[in-house]
$ cat coords06.cif   # mmCIF, C-alpha atoms (C1' of nucleotides)
data_start
loop_
_atom_site.label_atom_id
_atom_site.label_comp_id
_atom_site.auth_asym_id
_atom_site.auth_seq_id
_atom_site.Cartn_x
_atom_site.Cartn_y
_atom_site.Cartn_z
CA MET A 192 -0.23 -3.91 -7.59
CA ASN A 193 1.92 -1.55 -5.54
CA ASP A 194 1.86 1.93 -4.02
CA ASP A 195 3.35 3.36 -7.15
CA ASP A 196 0.63 2.13 -9.47
CA ILE A 197 -2.13 3.08 -7.05
CA PHE A 198 -1.07 6.61 -6.26
CA ARG A 199 -0.16 7.30 -9.85
CA ALA A 200 -3.61 6.06 -10.90
CA LEU A 201 -5.38 8.25 -8.36
CA GLY A 202 -3.15 11.20 -9.17
CA ASP A 203 -5.25 11.97 -12.22
CA PRO A 204 -8.53 13.74 -11.38
CA THR A 205 -10.39 12.21 -14.31
CA ARG A 206 -9.40 8.75 -13.18
CA ARG A 207 -10.44 9.52 -9.63
CA ALA A 208 -13.82 10.70 -10.93
CA ILE A 209 -14.22 7.43 -12.82
CA PHE A 210 -13.36 5.44 -9.74
CA GLU A 211 -15.75 7.43 -7.59
CA LYS A 212 -18.53 6.95 -10.09
CA LEU A 213 -17.87 3.23 -10.13
CA ALA A 214 -18.05 3.19 -6.36
CA THR A 215 -21.73 4.11 -6.60
CA GLY A 216 -22.31 0.81 -8.35
CA ALA A 217 -20.81 -1.52 -10.93
CA MET A 218 -21.35 -0.56 -14.55
CA ASN A 219 -19.86 -0.98 -18.00
CA ALA A 220 -17.53 1.41 -19.79
CA SER A 221 -20.29 3.02 -21.86
CA ALA A 222 -22.41 3.73 -18.81
CA LEU A 223 -19.38 5.25 -17.11
CA ARG A 224 -18.92 7.64 -20.01
CA GLU A 225 -22.43 9.08 -19.73
CA GLY A 226 -22.31 12.71 -18.66
CA MET A 227 -18.54 12.61 -18.50
CA ALA A 228 -17.01 14.47 -21.48
CA ILE A 229 -14.51 11.76 -22.26
CA SER A 230 -13.82 9.81 -25.44
CA GLN A 231 -14.19 6.05 -25.68
CA PRO A 232 -10.46 5.35 -26.05
CA ALA A 233 -9.61 7.72 -23.18
CA MET A 234 -12.07 5.89 -20.93
CA SER A 235 -10.64 2.56 -21.97
CA GLN A 236 -7.11 3.75 -21.23
CA HIS A 237 -8.09 5.14 -17.83
CA LEU A 238 -9.81 1.91 -16.92
CA ALA A 239 -6.68 -0.01 -17.89
CA VAL A 240 -4.62 2.11 -15.51
CA LEU A 241 -7.12 1.66 -12.69
CA ARG A 242 -7.30 -2.07 -13.37
CA ASN A 243 -3.53 -2.34 -13.36
CA ALA A 244 -3.52 -0.70 -9.92
CA ASN A 245 -6.12 -3.16 -8.63
CA LEU A 246 -8.47 -0.31 -7.93
CA VAL A 247 -10.99 -1.72 -10.37
CA ARG A 248 -11.71 -5.13 -11.82
CA GLU A 249 -13.60 -6.21 -14.89
CA GLU A 250 -15.93 -9.02 -15.80
CA ARG A 251 -16.94 -9.48 -19.37
CA GLN A 252 -20.65 -9.96 -19.83
CA GLY A 253 -21.29 -10.74 -23.44
CA ARG A 254 -20.58 -7.71 -25.52
CA PHE A 255 -20.24 -5.49 -22.48
CA VAL A 256 -17.49 -5.36 -19.91
CA ASN A 257 -18.69 -4.71 -16.42
CA TYR A 258 -16.40 -2.81 -14.09
CA GLU A 259 -16.48 -2.66 -10.32
CA VAL A 260 -14.37 -1.40 -7.44
CA ASP A 261 -11.63 -3.81 -6.43
CA PRO A 262 -11.19 -3.84 -2.64
CA ASP A 263 -7.57 -4.95 -2.98
CA GLY A 264 -6.43 -1.53 -4.13
CA LEU A 265 -8.33 0.20 -1.36
CA ALA A 266 -6.82 -2.15 1.19
CA LEU A 267 -3.38 -1.19 -0.02
CA ILE A 268 -4.15 2.48 0.53
CA ALA A 269 -5.49 1.68 3.97
CA GLY A 270 -2.26 -0.16 4.67
CA TRP A 271 -0.18 2.75 3.46
CA LEU A 272 -2.18 5.14 5.58
CA ALA A 273 -1.95 2.90 8.63
CA LYS A 274 1.83 3.32 8.60
CA TYR A 275 1.30 6.96 9.53
CA ARG A 276 -1.39 6.47 12.12
CA ALA A 277 0.96 7.95 14.71
CA TYR A 278 0.23 11.30 13.10
CA TRP A 279 -3.52 11.41 13.56
CA PRO A 280 -4.30 10.40 17.12
CA ALA A 281 -7.11 12.93 17.32
CA ARG A 282 -9.03 11.07 14.65
CA ILE A 283 -9.05 7.70 16.35
CA ASP A 284 -12.39 8.22 18.03
CA ALA A 285 -14.04 9.12 14.76
CA LEU A 286 -12.65 5.97 13.25
CA LYS A 287 -13.96 3.90 16.11
CA ASP A 288 -17.46 5.26 15.58
CA LEU A 289 -17.11 4.33 11.96
CA LEU A 290 -16.28 0.75 12.80
CA LYS A 291 -19.20 0.55 15.20
CA ASP A 292 -21.49 1.60 12.36
CA MET A 293 -20.07 -1.07 10.12
CA ASP A 294 -20.88 -3.77 12.63
CA GLN A 295 -24.57 -3.10 12.28
CA MET B 53 -5.96 21.48 0.53
CA ASN B 54 -8.16 19.14 -1.48
CA ASP B 55 -8.15 15.62 -2.91
CA ASP B 56 -6.66 16.90 -6.13
CA ASP B 57 -3.59 18.44 -4.54
CA ILE B 58 -3.05 15.48 -2.25
CA PHE B 59 -3.31 12.68 -4.75
CA ARG B 60 -1.35 14.61 -7.32
CA ALA B 61 1.37 15.17 -4.73
CA LEU B 62 1.51 11.50 -3.79
CA GLY B 63 1.31 10.45 -7.43
CA ASP B 64 5.02 11.13 -7.83
CA PRO B 65 7.19 8.35 -6.36
CA THR B 66 10.04 10.71 -5.45
CA ARG B 67 7.65 12.90 -3.51
CA ARG B 68 6.17 9.87 -1.76
CA ALA B 69 9.68 8.79 -0.79
CA ILE B 70 10.35 12.23 0.65
CA PHE B 71 7.12 12.10 2.62
CA GLU B 72 7.87 8.63 3.91
CA LYS B 73 11.33 9.66 5.00
CA LEU B 74 9.88 12.65 6.77
CA ALA B 75 7.44 10.38 8.56
CA THR B 76 10.37 8.75 10.33
CA GLY B 77 11.02 12.08 12.01
CA ALA B 78 11.09 15.80 11.31
CA MET B 79 14.16 17.11 9.55
CA ASN B 80 15.37 19.92 7.33
CA ALA B 81 15.64 19.90 3.55
CA SER B 82 19.35 19.13 3.52
CA ALA B 83 18.95 16.16 5.82
CA LEU B 84 16.14 14.91 3.60
CA ARG B 85 18.43 14.97 0.59
CA GLU B 86 21.03 12.71 2.17
CA GLY B 87 21.25 9.42 0.30
CA MET B 88 18.54 10.50 -2.07
CA ALA B 89 19.99 11.35 -5.52
CA ILE B 90 18.08 14.58 -5.84
CA SER B 91 19.24 18.15 -6.46
CA GLN B 92 18.64 20.95 -4.00
CA PRO B 93 16.14 22.82 -6.19
CA ALA B 94 14.27 19.61 -7.01
CA MET B 95 13.89 18.87 -3.30
CA SER B 96 12.72 22.39 -2.64
CA GLN B 97 10.15 22.10 -5.42
CA HIS B 98 8.88 18.76 -4.18
CA LEU B 99 8.55 20.09 -0.66
CA ALA B 100 6.54 23.03 -1.99
CA VAL B 101 4.10 20.62 -3.64
CA LEU B 102 3.80 18.53 -0.48
CA ARG B 103 3.34 21.65 1.62
CA ASN B 104 0.67 22.95 -0.74
CA ALA B 105 -1.19 19.66 -0.27
CA ASN B 106 -0.98 19.92 3.52
CA LEU B 107 0.97 16.71 3.66
CA VAL B 108 3.94 18.50 5.14
CA ARG B 109 4.47 21.68 7.07
CA GLU B 110 7.54 23.78 7.67
CA GLU B 111 8.98 25.74 10.51
CA ARG B 112 11.97 27.93 9.94
CA GLN B 113 14.70 27.46 12.50
CA GLY B 114 17.37 29.98 11.89
CA ARG B 115 19.13 29.19 8.68
CA PHE B 116 17.42 25.84 8.37
CA VAL B 117 13.83 25.02 7.55
CA ASN B 118 12.50 22.10 9.48
CA TYR B 119 9.87 19.95 7.81
CA GLU B 120 7.42 17.55 9.39
CA VAL B 121 4.38 15.50 8.45
CA ASP B 122 1.15 17.48 8.54
CA PRO B 123 -1.71 15.35 9.90
CA ASP B 124 -4.27 17.42 8.01
CA GLY B 125 -3.34 15.90 4.67
CA LEU B 126 -3.40 12.39 6.07
CA ALA B 127 -6.80 13.03 7.60
CA LEU B 128 -8.09 14.02 4.19
CA ILE B 129 -6.89 10.74 2.71
CA ALA B 130 -8.51 8.87 5.58
CA GLY B 131 -11.71 10.73 4.82
CA TRP B 132 -11.51 9.88 1.15
CA LEU B 133 -10.89 6.24 1.96
CA ALA B 134 -13.73 6.14 4.46
CA LYS B 135 -16.19 6.88 1.67
CA TYR B 136 -15.43 3.46 0.24
CA ARG B 137 -15.43 1.50 3.45
CA ALA B 138 -18.38 -0.49 2.08
CA TYR B 139 -15.85 -2.23 -0.16
CA TRP B 140 -13.54 -3.69 2.44
CA PRO B 141 -15.70 -5.42 5.03
CA ALA B 142 -13.18 -8.25 5.17
CA ARG B 143 -10.60 -5.87 6.54
CA ILE B 144 -12.63 -4.62 9.48
CA ASP B 145 -11.12 -7.07 11.93
CA ALA B 146 -7.60 -6.14 10.98
CA LEU B 147 -8.45 -2.50 11.46
CA LYS B 148 -9.95 -3.19 14.85
CA ASP B 149 -6.76 -4.84 15.97
CA LEU B 150 -4.92 -1.80 14.77
CA LEU B 151 -7.06 0.50 16.89
CA LYS B 152 -6.62 -1.70 19.90
CA ASP B 153 -2.88 -1.33 19.50
CA MET B 154 -3.22 2.42 19.33
CA ASP B 155 -5.05 2.54 22.63
CA GLN B 156 -2.02 1.21 24.42
"C1'" DG C 180 29.56 44.15 6.60
"C1'" DA C 181 31.59 40.42 3.92
"C1'" DA C 182 31.71 35.59 3.48
"C1'" DT C 183 29.16 31.51 4.01
"C1'" DC C 184 25.54 28.39 4.07
"C1'" DA C 185 20.34 26.77 3.68
"C1'" DA C 186 16.70 27.13 0.98
"C1'" DA C 187 13.62 29.27 -2.57
"C1'" DT C 188 12.76 30.96 -7.03
"C1'" DA C 189 13.36 31.79 -12.14
"C1'" DA C 190 13.82 30.18 -16.62
"C1'" DG C 191 14.64 26.75 -19.83
"C1'" DT C 192 14.82 21.70 -21.24
"C1'" DT C 193 13.34 17.03 -21.28
"C1'" DT C 194 10.28 13.45 -20.06
"C1'" DT C 195 5.97 11.79 -18.95
"C1'" DC C 196 1.36 11.27 -19.72
"C1'" DA C 197 -3.38 12.26 -21.11
"C1'" DC C 198 -5.35 12.98 -25.09
"C1'" DT C 199 -6.47 12.43 -30.37
"C1'" DT C 200 -7.71 9.66 -34.77
"C1'" DA C 201 -7.59 5.32 -36.83
"C1'" DT C 202 -7.92 0.60 -36.59
"C1'" DC C 203 -8.66 -3.84 -34.60
"C1'" DT C 204 -11.00 -7.54 -31.70
"C1'" DA C 205 -14.92 -9.66 -29.51
"C1'" DT C 206 -19.70 -10.65 -29.23
"C1'" DT C 207 -24.31 -10.55 -30.64
"C1'" DG C 208 -28.45 -10.77 -33.70
"C1'" DG C 209 -30.50 -10.81 -38.20
"C1'" DC D 155 -21.87 -15.07 -42.55
"C1'" DC D 156 -22.53 -10.22 -42.22
"C1'" DA D 157 -23.76 -5.87 -40.02
"C1'" DA D 158 -23.76 -3.60 -35.77
"C1'" DT D 159 -22.11 -2.50 -31.30
"C1'" DA D 160 -18.78 -2.55 -27.04
"C1'" DG D 161 -14.43 -2.12 -26.03
"C1'" DA D 162 -9.23 -2.42 -26.67
"C1'" DT D 163 -5.12 -1.15 -28.92
"C1'" DA D 164 -1.75 1.54 -31.89
"C1'" DA D 165 0.49 5.56 -33.12
"C1'" DG D 166 1.07 10.23 -32.95
"C1'" DT D 167 0.40 15.06 -30.68
"C1'" DG D 168 0.31 18.60 -27.13
"C1'" DA D 169 0.40 19.95 -22.52
"C1'" DA D 170 1.82 19.21 -17.95
"C1'" DA D 171 5.27 18.45 -14.83
"C1'" DA D 172 9.81 16.91 -13.15
"C1'" DC D 173 14.08 18.06 -13.93
"C1'" DT D 174 18.34 21.23 -15.04
"C1'" DT D 175 21.54 25.53 -14.25
"C1'" DA D 176 21.70 30.08 -12.57
"C1'" DT D 177 20.39 33.39 -9.44
"C1'" DT D 178 18.16 35.29 -5.30
"C1'" DT D 179 16.66 35.50 -0.52
"C1'" DG D 180 17.33 34.88 4.31
"C1'" DA D 181 20.05 34.00 8.22
"C1'" DT D 182 24.46 33.25 10.60
"C1'" DT D 183 29.19 33.99 11.87
"C1'" DC D 184 33.61 35.96 11.71
#
$ encode --input "coords06.cif" --output "structure tokens"
Amino acid sequence: MNDDDIFRALGDPTRRAIFEKLATGAMNASALREGMAISQPAMSQHLAVLRNANLVREERQGRFVNYEVDPDGLALIAGWLAKYRAYWPARIDALKDLLKDMDQ
Amino acid sequence: MNDDDIFRALGDPTRRAIFEKLATGAMNASALREGMAISQPAMSQHLAVLRNANLVREERQGRFVNYEVDPDGLALIAGWLAKYRAYWPARIDALKDLLKDMDQ
DNA sequence: GAATCAAATAAGTTTTCACTTATCTATTGG
DNA sequence: CCAATAGATAAGTGAAAACTTATTTGATTC
């Protein structure tokens, strides 16, 4: 799990769509495919890339494999972004409001 | 400027290295190349991709073109990341500390 | 205004990577 | 134990994209 894997994984729009769909709730690979013009092997390969980047993690449940967002990958992006916080001072207030919301 | 352009731009490790070097301070394309095994046209092409993603902006200064980090692109990443804030509650405290630092 | 230097662009080549089809593995239920 | 189903893997193909060399554009200085 490093910047390289993560940004490469998110660099593909299809993979980002998969991730974003997963973020609405954990589901298995078949459910992910629904309404998403993508073959079974392609989905499996994309999920492998996302998993390798720690953006997604799996949990086998019988014959199905359930996928969910892995916070570790997101944290790494947040860390990357934080390095450049000097460049967005104007956005600090918005971020503060965000954190206040999260407290409730 | 959209998620696609940004993540595609950052998906390439060379381009991310260029961006990260630029984040240490604005400089022109030649200065960026120093110690960075990369040809002049390649650098120019990478900068064009970064510029197109609003991660970097240019300002011609005579014969040189000065490049600097563009906060707009970073803000878009922050926005993308914020959508998934539900997934990193454990990191809230760390982020708060970060904001406290920024106030000073 | 010719020479020089920074950077961009054009065109072609090579490498990477997202796909395909085919096959295999794992798990369940009859 | 066998048929069915979910998913992974293997191998090959085509397209995208990161490079190359050559040339062009823009600006400076002598």
$ resolve_selection --input "coords06.cif" --expression "the PyMOL selection byres ((chain B) within 7 of (chain C))" --output "PyMOL selection string"
chain B and resi 96+115-116
$ closest_residue --input "coords06.cif" --among "D:DC184, D:DA157, D:DC173, D:DA162" --to "chain B" --atoms "only C-alpha atoms (C1' of nucleotides)"
D:DC173
$ residues_around --input "coords06.cif" --residues "stretch 80-86 of chain B" --least-positions-apart "2" --cutoff "7 Å" --atoms "all atoms listed in the file" --output "PyMOL selection string"
chain B and resi 88+90+116-119
$ resolve_selection --input "coords06.cif" --expression "the PyMOL selection byres ((chain B) within 6 of (chain A))" --output "NGL selection string"
:B and (59-60 or 63 or 123 or 139-140)
$ atom_distance --input "coords06.cif" --atom1 "atom C1' of D:DA171" --atom2 "atom CA of A:Gln236"
20.3 Å
$ interface_residues --input "coords06.cif" --of "chain D" --to "chain B" --cutoff "10 Å" --atoms "only C-alpha atoms (C1' of nucleotides)" --output "list in words"
DA172, DC173, DT174, DG180, DA181 and DT182 of chain D
$ atom_distance --input "coords06.cif" --atom1 "atom CA of A:Ala217" --atom2 "atom CA of B:Met53"
29.7 Å
$ atom_distance --input "coords06.cif" --atom1 "atom CA of B:Phe71" --atom2 "atom CA of B:Arg112"
18.1 Å
